[in-house]
Amino acid sequence: MIKESSRQPEQASFRETVAAGDYFIRTVKAGQTVRLLDLEGNQAADTLFYSAADPAERYSAMDTLREQRNVYLTAGTVLMTNRMNPLLEIVADTCGRHDTLGGACATESNTVRYDLEKRCMHACRDSWMLAINAHPEFHLAKQDITHNINFFMNVPVTAEGGLTFADGISAPGKYVELTACMDTVMLISNCPQLNNPCNGYNPTPIEVLIWD
């Protein structure tokens, strides 16, 4: 569902560009709204969410999809935790849908999906591991890397129930906005993937904006 925002970038209290292949980690306070902006189009932003009070409570794809009865995320979707608490709500979306089934790229999946020689290529799970090791103040560990959302990524579900990685449906300037229902740690890997068409084989920057 396409829903535009009335928020103006110049009124944001925080703005930061995340380079292609880089990570971003920050706490979004309850009531704040965060925008992920696809600067050049078709970039995948693989994102994890945790309760800042207790990282053992985190985004649950299963609970979110069951509650909203839709496999795609868009405006109006409430992201649920594994304890069935609202974590964030998507309040604006100019892309239309986002994936939470395809998972994130890893050295192992690069090997299985593409080729043995692709194993050493950088992947989202590597970015997340770099982030949690560089920022121990968030109290995250390897076992906390679980369900993620692939913002701007197009992963159609086939009639047989399978997944396909298709060309992106985003474009330069498309964005998604989420309002936090609780203090939430947001961990983004701005996907470095070069082997599938999710980002046109060309990783590009995104921008993160936050309004109080």
# chains A, B, ... in the order shown; residues from 1 in each chain; ligands from 1
>>> residues_around(residues="Asn150 in chain A", least_positions_apart="3", cutoff="9 Å", atoms="only C-alpha atoms", output="short mmCIF file (atom, residue, chain, number, x, y, z; two decimals) with all heavy atoms, in the first residue's frame")
data_model
loop_
_atom_site.label_atom_id
_atom_site.label_comp_id
_atom_site.auth_asym_id
_atom_site.auth_seq_id
_atom_site.Cartn_x
_atom_site.Cartn_y
_atom_site.Cartn_z
N ALA A 44 18.76 -2.90 -1.16
CA ALA A 44 18.15 -3.68 -0.09
C ALA A 44 18.76 -3.29 1.25
O ALA A 44 19.99 -3.28 1.39
CB ALA A 44 18.34 -5.17 -0.35
N ALA A 45 17.91 -2.97 2.22
CA ALA A 45 18.36 -2.62 3.57
C ALA A 45 17.91 -3.73 4.51
O ALA A 45 16.76 -3.77 4.95
CB ALA A 45 17.78 -1.27 3.99
N ASP A 46 18.81 -4.65 4.82
CA ASP A 46 18.50 -5.81 5.66
C ASP A 46 18.56 -5.37 7.13
O ASP A 46 19.64 -4.98 7.61
CB ASP A 46 19.49 -6.94 5.41
CG ASP A 46 19.36 -7.53 4.01
OD1 ASP A 46 18.97 -6.80 3.09
OD2 ASP A 46 19.64 -8.73 3.85
N THR A 47 17.43 -5.45 7.83
CA THR A 47 17.30 -4.79 9.12
C THR A 47 16.80 -5.73 10.20
O THR A 47 15.86 -6.50 10.00
CB THR A 47 16.34 -3.59 9.00
OG1 THR A 47 16.77 -2.76 7.91
CG2 THR A 47 16.33 -2.77 10.27
N HIS A 98 7.67 -4.91 1.22
CA HIS A 98 9.02 -5.25 1.67
C HIS A 98 9.01 -6.72 2.12
O HIS A 98 8.00 -7.23 2.59
CB HIS A 98 9.43 -4.33 2.82
CG HIS A 98 9.26 -2.88 2.48
ND1 HIS A 98 10.24 -2.13 1.89
CD2 HIS A 98 8.18 -2.04 2.62
CE1 HIS A 98 9.80 -0.90 1.68
NE2 HIS A 98 8.56 -0.83 2.13
N ASP A 99 10.15 -7.36 1.98
CA ASP A 99 10.25 -8.80 2.23
C ASP A 99 10.71 -9.10 3.65
O ASP A 99 11.57 -8.42 4.19
CB ASP A 99 11.25 -9.42 1.24
CG ASP A 99 11.64 -10.82 1.64
OD1 ASP A 99 10.75 -11.70 1.63
OD2 ASP A 99 12.82 -11.04 2.00
N THR A 100 10.14 -10.15 4.24
CA THR A 100 10.63 -10.65 5.52
C THR A 100 10.75 -12.17 5.52
O THR A 100 10.85 -12.79 6.57
CB THR A 100 9.75 -10.16 6.69
OG1 THR A 100 10.41 -10.44 7.94
CG2 THR A 100 8.38 -10.84 6.67
N LEU A 101 10.73 -12.78 4.33
CA LEU A 101 10.83 -14.23 4.20
C LEU A 101 12.19 -14.70 3.67
O LEU A 101 12.63 -15.79 3.97
CB LEU A 101 9.73 -14.76 3.27
CG LEU A 101 8.28 -14.57 3.72
CD1 LEU A 101 7.33 -15.02 2.62
CD2 LEU A 101 8.01 -15.33 5.00
N GLY A 102 12.83 -13.88 2.85
CA GLY A 102 14.03 -14.31 2.14
C GLY A 102 15.28 -14.41 2.98
O GLY A 102 16.27 -15.00 2.54
N GLY A 103 15.26 -13.84 4.19
CA GLY A 103 16.46 -13.89 5.02
C GLY A 103 17.55 -12.97 4.48
O GLY A 103 17.33 -12.18 3.57
N ALA A 104 18.71 -13.08 5.09
CA ALA A 104 19.84 -12.22 4.72
C ALA A 104 20.95 -13.04 4.09
O ALA A 104 21.11 -14.23 4.39
CB ALA A 104 20.37 -11.50 5.97
N MET A 153 13.27 -4.84 -0.87
CA MET A 153 13.62 -6.04 -1.63
C MET A 153 12.36 -6.75 -2.12
O MET A 153 11.38 -6.86 -1.39
CB MET A 153 14.45 -6.98 -0.76
CG MET A 153 15.11 -8.11 -1.52
SD MET A 153 16.35 -8.91 -0.48
CE MET A 153 16.76 -10.32 -1.49
N ASN A 154 12.43 -7.25 -3.35
CA ASN A 154 11.30 -7.90 -4.00
C ASN A 154 11.54 -9.41 -4.03
O ASN A 154 12.40 -9.89 -4.77
CB ASN A 154 11.13 -7.37 -5.42
CG ASN A 154 9.90 -7.91 -6.11
OD1 ASN A 154 8.94 -8.33 -5.46
ND2 ASN A 154 9.91 -7.89 -7.43
#
>>> residues_around(residues="Thr27 in chain A", least_positions_apart="3", cutoff="8 Å", atoms="only C-alpha atoms", output="VMD selection string")
chain A and resid 52 183 to 186
>>> write_last_selection(atoms="all heavy atoms", output="mmCIF file, in the first residue's frame")
data_model
loop_
_atom_site.group_PDB
_atom_site.id
_atom_site.type_symbol
_atom_site.label_atom_id
_atom_site.label_comp_id
_atom_site.auth_asym_id
_atom_site.auth_seq_id
_atom_site.Cartn_x
_atom_site.Cartn_y
_atom_site.Cartn_z
ATOM 1 N N ALA A 52 15.113 -2.366 23.209
ATOM 2 C CA ALA A 52 16.313 -1.823 23.848
ATOM 3 C C ALA A 52 16.404 -2.239 25.310
ATOM 4 O O ALA A 52 17.491 -2.346 25.876
ATOM 5 C CB ALA A 52 16.322 -0.301 23.732
ATOM 6 N N ASP A 183 11.230 1.610 22.964
ATOM 7 C CA ASP A 183 12.627 1.894 22.636
ATOM 8 C C ASP A 183 13.194 0.694 21.892
ATOM 9 O O ASP A 183 13.159 -0.437 22.393
ATOM 10 C CB ASP A 183 13.436 2.155 23.900
ATOM 11 C CG ASP A 183 13.073 3.473 24.581
ATOM 12 O OD1 ASP A 183 12.235 4.230 24.025
ATOM 13 O OD2 ASP A 183 13.620 3.757 25.655
ATOM 14 N N THR A 184 13.696 0.931 20.672
ATOM 15 C CA THR A 184 14.044 -0.150 19.770
ATOM 16 C C THR A 184 15.449 0.028 19.214
ATOM 17 O O THR A 184 15.785 1.102 18.699
ATOM 18 C CB THR A 184 13.044 -0.198 18.588
ATOM 19 O OG1 THR A 184 11.723 -0.380 19.105
ATOM 20 C CG2 THR A 184 13.373 -1.324 17.627
ATOM 21 N N VAL A 185 16.253 -1.008 19.300
ATOM 22 C CA VAL A 185 17.562 -1.011 18.649
ATOM 23 C C VAL A 185 17.365 -1.445 17.202
ATOM 24 O O VAL A 185 16.785 -2.501 16.930
ATOM 25 C CB VAL A 185 18.537 -1.957 19.362
ATOM 26 C CG1 VAL A 185 19.859 -2.043 18.585
ATOM 27 C CG2 VAL A 185 18.802 -1.480 20.790
ATOM 28 N N MET A 186 17.838 -0.618 16.290
ATOM 29 C CA MET A 186 17.743 -0.909 14.865
ATOM 30 C C MET A 186 19.138 -1.188 14.317
ATOM 31 O O MET A 186 20.043 -0.363 14.460
ATOM 32 C CB MET A 186 17.110 0.276 14.125
ATOM 33 C CG MET A 186 16.984 0.080 12.631
ATOM 34 S SD MET A 186 16.056 1.435 11.829
ATOM 35 C CE MET A 186 17.182 2.818 12.136
#
>>> select_by_dssp(residues="range 8-188 of chain A", states="alpha helix (DSSP H)", output="PyMOL selection string")
chain A and resi 61-68+107-113+124-134
>>> write_last_selection(atoms="N, CA and C atoms", output="PDB file, in the first residue's frame")
ATOM      1  N   ALA A  61       9.223 -12.424  12.530  1.00  0.00           N
ATOM      2  CA  ALA A  61       8.545 -12.496  11.233  1.00  0.00           C
ATOM      3  C   ALA A  61       7.281 -13.348  11.330  1.00  0.00           C
ATOM      4  N   MET A  62       7.367 -14.474  12.019  1.00  0.00           N
ATOM      5  CA  MET A  62       6.219 -15.383  12.113  1.00  0.00           C
ATOM      6  C   MET A  62       5.024 -14.706  12.764  1.00  0.00           C
ATOM      7  N   ASP A  63       5.254 -14.051  13.899  1.00  0.00           N
ATOM      8  CA  ASP A  63       4.144 -13.417  14.611  1.00  0.00           C
ATOM      9  C   ASP A  63       3.593 -12.227  13.831  1.00  0.00           C
ATOM     10  N   THR A  64       4.474 -11.490  13.175  1.00  0.00           N
ATOM     11  CA  THR A  64       4.030 -10.341  12.386  1.00  0.00           C
ATOM     12  C   THR A  64       3.153 -10.781  11.216  1.00  0.00           C
ATOM     13  N   LEU A  65       3.598 -11.786  10.465  1.00  0.00           N
ATOM     14  CA  LEU A  65       2.831 -12.239   9.309  1.00  0.00           C
ATOM     15  C   LEU A  65       1.513 -12.882   9.723  1.00  0.00           C
ATOM     16  N   ARG A  66       1.529 -13.625  10.812  1.00  0.00           N
ATOM     17  CA  ARG A  66       0.287 -14.250  11.285  1.00  0.00           C
ATOM     18  C   ARG A  66      -0.731 -13.193  11.691  1.00  0.00           C
ATOM     19  N   GLU A  67      -0.287 -12.162  12.374  1.00  0.00           N
ATOM     20  CA  GLU A  67      -1.215 -11.143  12.867  1.00  0.00           C
ATOM     21  C   GLU A  67      -1.775 -10.293  11.728  1.00  0.00           C
ATOM     22  N   GLN A  68      -0.958  -9.999  10.721  1.00  0.00           N
ATOM     23  CA  GLN A  68      -1.464  -9.139   9.650  1.00  0.00           C
ATOM     24  C   GLN A  68      -2.033  -9.918   8.467  1.00  0.00           C
ATOM     25  N   THR A 107      27.881 -15.887   3.941  1.00  0.00           N
ATOM     26  CA  THR A 107      28.898 -16.589   3.154  1.00  0.00           C
ATOM     27  C   THR A 107      28.405 -17.977   2.765  1.00  0.00           C
ATOM     28  N   GLU A 108      27.648 -18.616   3.671  1.00  0.00           N
ATOM     29  CA  GLU A 108      27.127 -19.952   3.381  1.00  0.00           C
ATOM     30  C   GLU A 108      26.096 -19.919   2.254  1.00  0.00           C
ATOM     31  N   SER A 109      25.176 -18.949   2.320  1.00  0.00           N
ATOM     32  CA  SER A 109      24.150 -18.886   1.272  1.00  0.00           C
ATOM     33  C   SER A 109      24.753 -18.434  -0.058  1.00  0.00           C
ATOM     34  N   ASN A 110      25.774 -17.594  -0.015  1.00  0.00           N
ATOM     35  CA  ASN A 110      26.457 -17.232  -1.254  1.00  0.00           C
ATOM     36  C   ASN A 110      27.030 -18.468  -1.936  1.00  0.00           C
ATOM     37  N   THR A 111      27.544 -19.384  -1.120  1.00  0.00           N
ATOM     38  CA  THR A 111      28.116 -20.612  -1.667  1.00  0.00           C
ATOM     39  C   THR A 111      27.038 -21.503  -2.268  1.00  0.00           C
ATOM     40  N   VAL A 112      25.931 -21.678  -1.533  1.00  0.00           N
ATOM     41  CA  VAL A 112      24.867 -22.578  -1.983  1.00  0.00           C
ATOM     42  C   VAL A 112      24.134 -22.011  -3.195  1.00  0.00           C
ATOM     43  N   ARG A 113      23.828 -20.723  -3.177  1.00  0.00           N
ATOM     44  CA  ARG A 113      23.033 -20.123  -4.238  1.00  0.00           C
ATOM     45  C   ARG A 113      23.840 -19.847  -5.506  1.00  0.00           C
ATOM     46  N   CYS A 124      25.565  -9.705   4.421  1.00  0.00           N
ATOM     47  CA  CYS A 124      24.877  -8.970   5.483  1.00  0.00           C
ATOM     48  C   CYS A 124      25.173  -9.516   6.871  1.00  0.00           C
ATOM     49  N   ARG A 125      25.231 -10.827   6.992  1.00  0.00           N
ATOM     50  CA  ARG A 125      25.528 -11.392   8.311  1.00  0.00           C
ATOM     51  C   ARG A 125      26.912 -10.957   8.789  1.00  0.00           C
ATOM     52  N   ASP A 126      27.852 -10.787   7.877  1.00  0.00           N
ATOM     53  CA  ASP A 126      29.167 -10.270   8.263  1.00  0.00           C
ATOM     54  C   ASP A 126      29.054  -8.846   8.787  1.00  0.00           C
ATOM     55  N   SER A 127      28.239  -8.027   8.109  1.00  0.00           N
ATOM     56  CA  SER A 127      28.058  -6.637   8.552  1.00  0.00           C
ATOM     57  C   SER A 127      27.457  -6.584   9.942  1.00  0.00           C
ATOM     58  N   TRP A 128      26.436  -7.427  10.185  1.00  0.00           N
ATOM     59  CA  TRP A 128      25.835  -7.452  11.516  1.00  0.00           C
ATOM     60  C   TRP A 128      26.842  -7.885  12.578  1.00  0.00           C
ATOM     61  N   MET A 129      27.657  -8.879  12.263  1.00  0.00           N
ATOM     62  CA  MET A 129      28.664  -9.324  13.225  1.00  0.00           C
ATOM     63  C   MET A 129      29.686  -8.229  13.512  1.00  0.00           C
ATOM     64  N   LEU A 130      30.082  -7.496  12.478  1.00  0.00           N
ATOM     65  CA  LEU A 130      30.986  -6.363  12.685  1.00  0.00           C
ATOM     66  C   LEU A 130      30.349  -5.338  13.615  1.00  0.00           C
ATOM     67  N   ALA A 131      29.062  -5.072  13.404  1.00  0.00           N
ATOM     68  CA  ALA A 131      28.367  -4.068  14.210  1.00  0.00           C
ATOM     69  C   ALA A 131      28.297  -4.462  15.678  1.00  0.00           C
ATOM     70  N   ILE A 132      27.872  -5.698  15.946  1.00  0.00           N
ATOM     71  CA  ILE A 132      27.692  -6.082  17.348  1.00  0.00           C
ATOM     72  C   ILE A 132      29.025  -6.233  18.073  1.00  0.00           C
ATOM     73  N   ASN A 133      30.080  -6.540  17.331  1.00  0.00           N
ATOM     74  CA  ASN A 133      31.400  -6.611  17.961  1.00  0.00           C
ATOM     75  C   ASN A 133      31.987  -5.229  18.206  1.00  0.00           C
ATOM     76  N   ALA A 134      31.657  -4.281  17.344  1.00  0.00           N
ATOM     77  CA  ALA A 134      32.163  -2.917  17.507  1.00  0.00           C
ATOM     78  C   ALA A 134      31.342  -2.116  18.513  1.00  0.00           C
TER      79      ALA A 134
END
>>> closest_residue(among="A:Ser189, A:Thr17, A:Asn148, A:Thr158", to="Asp38 in chain A", atoms="only C-alpha atoms")
A:Thr17
>>> residues_around(residues="Gly21 in chain A", least_positions_apart="2", cutoff="7 Å", atoms="only C-alpha atoms", output="PyMOL selection string")
chain A and resi 19+23+189-192+203
